[in-house]
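Data first, discussion second: the structure below is written as structure tokens.
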Amino acid sequence: MLVHKIYMLEKFGIMGNEKKKETDGCLLNIVSNRKKIQVPMETVEYVESSGRKLILHLKEKEVCFYAKLSEVDSFLKKQGFVRIHQSFMVRKNQIKKVHRNYVEYGEYELPVSRRYFPELRTMFAQENNG
């Protein structure tokens, strides 16, 4: 069963490569426009789900590939991402301020859903108090 799941993750291009070289961080192996590419995780600003596609918003461009956000959720959480909406995951350490309906994230304002707001509020209250 586990082998089948890993195969499916590799097939759909969402298997993370945890190997690190001296100059490289963690890589996300994806298939975009029928080409296999490796995306360095340090270049990913945030991840957006749109329909059946995921959009990786990188520092210079956007990369789209077919997957569900729930399929890469655990991998992204290991990389310091947090879910703020059904369609968005962002780097926790890049969130400037949490508002009721959105977060200030770098130069962006991204939506926060009612479902994830209490968790974000608690997370940032603990950081500010500790």
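Note on naming: chains are A, B, ... as they come in the structure tokens, residues start from 1 per chain, ligands start from 1 in the order shown.
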
Next item on the list: Could you please write out, as a ChimeraX atom specification, every residue of segment 45-77 of chain A that DSSP assigns to alpha helix (DSSP H)?
Entry: /A:69-77

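Close contacts of Gln38 of chain A, defined as residues with an atom at most 9 Å away when counting only C-alpha atoms, with chain neighbours fewer than 3 positions off set aside, comprise Asn17, Leu27, Leu28, Asn29, Ile30 and Val31 of chain A.
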
Check: What's the 10 Å shell around Asn101 of chain A, counting only C-alpha atoms, without same-chain residues fewer than 4 positions away, as a PyMOL selection string?
Finding: chain A and resi 109-114+117

Go ahead and save the residues from that selection, with N, CA and C atoms, as a short mmCIF file (atom, residue, chain, number, x, y, z; two decimals), in the first residue's frame.
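Just written: result-v2.cif:
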```
data_model
loop_
_atom_site.label_atom_id
_atom_site.label_comp_id
_atom_site.auth_asym_id
_atom_site.auth_seq_id
_atom_site.Cartn_x
_atom_site.Cartn_y
_atom_site.Cartn_z
N GLU A 109 -1.79 40.44 -0.04
CA GLU A 109 -2.84 40.23 0.94
C GLU A 109 -3.60 39.00 0.48
N LEU A 110 -3.47 37.91 1.24
CA LEU A 110 -4.09 36.64 0.86
C LEU A 110 -5.24 36.33 1.80
N PRO A 111 -6.31 35.71 1.29
CA PRO A 111 -7.49 35.47 2.11
C PRO A 111 -7.26 34.43 3.21
N VAL A 112 -7.92 34.63 4.34
CA VAL A 112 -7.94 33.67 5.44
C VAL A 112 -9.37 33.21 5.60
N SER A 113 -9.58 31.92 5.68
CA SER A 113 -10.94 31.40 5.84
C SER A 113 -11.31 31.32 7.31
N ARG A 114 -12.59 31.26 7.57
CA ARG A 114 -13.09 31.12 8.95
C ARG A 114 -12.55 29.85 9.59
N PHE A 117 -8.72 30.59 10.57
CA PHE A 117 -8.43 31.80 11.34
C PHE A 117 -8.12 31.52 12.81
#
```

Margin query: For Val63 of chain A, find every residue with an atom within 12 Å (counting only C-alpha atoms), except residues of its own chain fewer than 2 positions away, and show them as a PyMOL selection string.
Written below: chain A and resi 28-33+35-40+43-49+53-61+65-66

Notebook entry, point to check: Please, which residues of segment 69-107 of chain A, numbered as in this document, come out strand (DSSP E or B) from DSSP, as a ChimeraX atom specification?
Noted result: /A:81-85,88-91,95-98,102-105

Margin query: So that I can check the surroundings of Gln79 of chain A, please list as a list in words every protein, DNA and RNA residue that reaches within 9 Å of it, counting only C-alpha atoms and ignoring chain neighbours fewer than 2 positions away.
Written below: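 In the requested format, the answer is Cys26, Met41, Glu42, Ser74, Phe75, Leu76, Lys77, Phe81 and Arg91 of chain A.
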
Margin query: Neighbouring residues of Phe124 of chain A were defined as those with any atom within 12 Å, considering only C-alpha atoms; residues of the same chain fewer than 3 positions away were excluded. Please report them as an NGL selection string.
Written below: :A and (82 or 92-99 or 103 or 117-121 or 127-130)

Notebook entry, point to check: If you measure from atom CA of Ile84 of chain A to atom CA of Arg34 of chain A, what distance in Å do you get, rounded to one decimal?
Noted result: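 For atom CA of Ile84 of chain A relative to atom CA of Arg34 of chain A, the distance reads 29.7 Å.
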